[in-house]
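See structure below.
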Amino acid sequence: AMLRLVQFTDLDAEHVADLKLYKPSHTFNPLIQRTYQCLAFKRFHPDEDLPEVDPNLTRCLNPEEIVVTGARASIDEVKSSFPTKVVEKSKPTAGNRIFDSKTPQNDVSLNGDVSAAKIPKLSDLSDISSNRIQDISSIDPVGDFLNMLSNCASDFSEPCRKMSEKIVELVTNSFSGELDANVRECITEFRAQSLRLNFVQRYNAFYREFLERLLSRKNDSLLKQLRTIGHITAKEHADGMAEEESQSLEETLHNSVSPTKPAAPYDDTDDLLAELD
């Protein structure tokens, strides 16, 4: 049926070939022509309503009568072979309304009727998920750490453990020091929150272990930063590190950091060129 419809509507068919229908040289774009017509009319009659569409333009939007007449039998055959019917839109249910952002958030009962239970918006669902962070990512470790702390009532052991592991991971993945700034930011925030929320002993325990790790890796850059941030002493908090242990750590850090040697001055231009070579 479809093949016969194509054959009978072919403009090269015998019954229409001599008419030379829709030749490019004789056919214009009705949309463009109508636009030009309206612009020209408004140019000379700005206060009047637009005229009716030219019949010649309307005729271009419909197939030629001779083509329709020749293909009438095949058109009726296609209609009978592929019947169509109007399908009424089904009643919205709870399942398809939750993910339909264009549908008003009305009440929906358990059987799908719009009447009882309030459907949560997708924005509400995303807010709920964002407030239940279970791990610390490498994208925003400080933000994730603060979020986890805000969801803890009193036991901060899990956020502290996660932050400690993330700091070690950042150091391990930093091959040329490109993540040192992130490490410094994490340790600084870890220290600040320890003082604010009273888990100073956990921070100092991390500080000792992290110092031993850096000493084994001979990472002078991070050792200097760690020395600048510092541990929490008993003078800052009642649970802080005792004075003897604090002095011991300071001496260890002082002895482990290699002093920066100033660059030796060049005696003359030849020494500078030799250095460049």
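Chain lettering (A, B, ...) mirrors the order of the structure tokens, residue numbering begins at 1 for each chain separately, and ligand numbering begins at 1 in order of display.
Near A:Arg72, within 9 Å and counting only C-alpha atoms, sit Leu5, Phe8, Val67, Val68, Asp76 and Glu77 of chain A, not including residues fewer than 4 positions from it in the same chain.
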Write the residues you've just listed into a file as an mmCIF file, in the first residue's frame, and include N, CA, C and O atoms for each of them.
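What follows is the written file part13.cif:
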data_model
loop_
_atom_site.group_PDB
_atom_site.id
_atom_site.type_symbol
_atom_site.label_atom_id
_atom_site.label_comp_id
_atom_site.auth_asym_id
_atom_site.auth_seq_id
_atom_site.Cartn_x
_atom_site.Cartn_y
_atom_site.Cartn_z
ATOM 1 N N LEU A 5 1.365 4.179 -2.907
ATOM 2 C CA LEU A 5 1.142 5.591 -2.624
ATOM 3 C C LEU A 5 2.326 6.434 -3.101
ATOM 4 O O LEU A 5 2.138 7.514 -3.685
ATOM 5 N N PHE A 8 2.169 6.702 -6.981
ATOM 6 C CA PHE A 8 1.135 7.578 -7.517
ATOM 7 C C PHE A 8 1.359 9.052 -7.171
ATOM 8 O O PHE A 8 0.787 9.925 -7.816
ATOM 9 N N VAL A 67 -2.535 15.564 -8.629
ATOM 10 C CA VAL A 67 -1.752 14.550 -7.926
ATOM 11 C C VAL A 67 -2.633 13.821 -6.917
ATOM 12 O O VAL A 67 -2.586 12.592 -6.794
ATOM 13 N N VAL A 68 -3.469 14.554 -6.194
ATOM 14 C CA VAL A 68 -4.351 13.942 -5.200
ATOM 15 C C VAL A 68 -5.361 13.033 -5.879
ATOM 16 O O VAL A 68 -5.651 11.924 -5.399
ATOM 17 N N ASP A 76 -6.749 5.936 0.018
ATOM 18 C CA ASP A 76 -7.802 5.211 0.741
ATOM 19 C C ASP A 76 -7.311 3.844 1.208
ATOM 20 O O ASP A 76 -7.692 3.374 2.293
ATOM 21 N N GLU A 77 -6.446 3.222 0.408
ATOM 22 C CA GLU A 77 -5.903 1.911 0.797
ATOM 23 C C GLU A 77 -5.023 2.032 2.031
ATOM 24 O O GLU A 77 -5.071 1.182 2.937
#
Residues of stretch 183-256 of chain A in alpha helix (DSSP H) according to DSSP, as a PyMOL selection string?
chain A and resi 183-197+200-217+220-229+243-256
Skipping near chain neighbours, those fewer than 3 positions away, what residues fall within 12 Å of stretch 169-178 of chain A using only C-alpha atoms, listed as a compact mmCIF listing (two decimals) with C-alpha atoms, in the first residue's frame?
# COMPACT_ATOMS: atom_id res chain seq x y z
CA ILE A 136 34.72 13.12 51.85
CA SER A 137 35.44 13.75 48.19
CA SER A 138 38.55 15.18 46.58
CA ILE A 139 36.53 17.95 44.92
CA PRO A 141 36.98 17.92 51.08
CA LYS A 162 37.39 10.28 56.98
CA MET A 163 39.28 13.58 56.96
CA SER A 164 42.50 11.91 58.13
CA GLU A 165 42.22 9.34 55.34
CA LYS A 166 41.48 12.03 52.75
CA ALA A 181 47.53 23.66 49.00
CA ASN A 182 44.53 21.33 49.38
CA VAL A 183 46.33 19.41 52.12
CA ARG A 184 47.12 22.62 54.00
CA GLU A 185 43.50 23.76 53.75
CA CYS A 186 42.21 20.43 55.08
CA ILE A 187 44.62 20.35 58.03
CA PHE A 210 50.91 12.44 59.79
CA ARG A 213 54.48 9.75 57.46
CA LEU A 214 55.97 12.99 56.15
CA ARG A 217 58.69 10.52 52.72
CA ASN A 219 58.54 15.91 52.15
CA ASP A 220 60.13 19.22 53.16
CA SER A 221 57.38 21.35 51.62
CA LEU A 222 54.58 19.78 53.66
CA LEU A 223 56.75 19.57 56.77
Could you please determine the separation between atom CA of A:Glu212 and atom CA of A:Glu236 in Å, to one decimal place?
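Atom-to-atom, atom CA of A:Glu212 and atom CA of A:Glu236 are spaced 23.2 Å apart.
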Leaving out A:Arg227 and any residue of its chain fewer than 6 positions from it, which residues lie within 10 Å of it when counting only C-alpha atoms, given as number ranges by chain?
A: 211, 249-250, 253-254, 257
Written file, previous selection with N, CA and C atoms, as a compact mmCIF listing (two decimals), in the first residue's frame:
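Written output follows (again_31.txt):
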# COMPACT_ATOMS: atom_id res chain seq x y z
N LEU A 211 52.86 13.42 60.87
CA LEU A 211 54.26 13.86 60.94
C LEU A 211 55.20 12.70 60.65
N LEU A 249 57.98 17.41 69.68
CA LEU A 249 57.53 17.50 68.30
C LEU A 249 58.14 18.70 67.59
N GLU A 250 58.23 19.81 68.29
CA GLU A 250 58.81 21.00 67.67
C GLU A 250 60.27 20.76 67.29
N LEU A 253 60.41 18.53 64.19
CA LEU A 253 60.11 19.29 62.98
C LEU A 253 61.26 20.22 62.61
N HIS A 254 61.82 20.87 63.59
CA HIS A 254 62.91 21.80 63.33
C HIS A 254 64.13 21.09 62.72
N VAL A 257 63.37 19.66 58.86
CA VAL A 257 63.22 20.57 57.73
C VAL A 257 64.58 21.08 57.30
Work out how far atom CA of A:Glu243 is from atom CA of A:Cys160, in Å to one decimal.
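That distance, rounded to one decimal, is 24.1 Å.
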Could you tell me which of A:Ser150, A:Gln225, A:Ser80, A:Asn204 comes closest to A:Ser246 if we count only C-alpha atoms?
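Closest candidate: A:Asn204.
Between atom CA of A:Thr9 and atom CA of A:Ser81 the interatomic distance comes to 17.9 Å.
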Can you work out which one of A:Leu61, A:Val86, A:Leu179, A:Ala153 has the shortest atom-to-atom distance to A:Leu197, counting only C-alpha atoms?
A:Ala153
Taking 6 positions as the minimum chain separation for residues in the same chain, which residues sit within 10 Å of A:Tyr203 when counting only C-alpha atoms? Answer as a PyMOL selection string.
chain A and resi 160-161+164+187+190-195+231-232+240
Can you write out the residues you just picked, keeping C-alpha atoms, as an mmCIF file, in the first residue's frame?
data_model
loop_
_atom_site.group_PDB
_atom_site.id
_atom_site.type_symbol
_atom_site.label_atom_id
_atom_site.label_comp_id
_atom_site.auth_asym_id
_atom_site.auth_seq_id
_atom_site.Cartn_x
_atom_site.Cartn_y
_atom_site.Cartn_z
ATOM 1 C CA CYS A 160 37.702 12.788 61.792
ATOM 2 C CA ARG A 161 38.671 9.377 60.443
ATOM 3 C CA SER A 164 42.498 11.908 58.128
ATOM 4 C CA ILE A 187 44.617 20.347 58.033
ATOM 5 C CA PHE A 190 40.612 20.074 60.862
ATOM 6 C CA ARG A 191 42.498 21.996 63.556
ATOM 7 C CA ALA A 192 39.955 24.814 63.739
ATOM 8 C CA GLN A 193 36.981 22.468 64.090
ATOM 9 C CA SER A 194 38.850 20.438 66.712
ATOM 10 C CA LEU A 195 39.061 23.501 68.912
ATOM 11 C CA HIS A 231 49.447 20.937 66.866
ATOM 12 C CA ILE A 232 47.113 21.983 69.686
ATOM 13 C CA GLY A 240 45.839 19.790 74.276
#
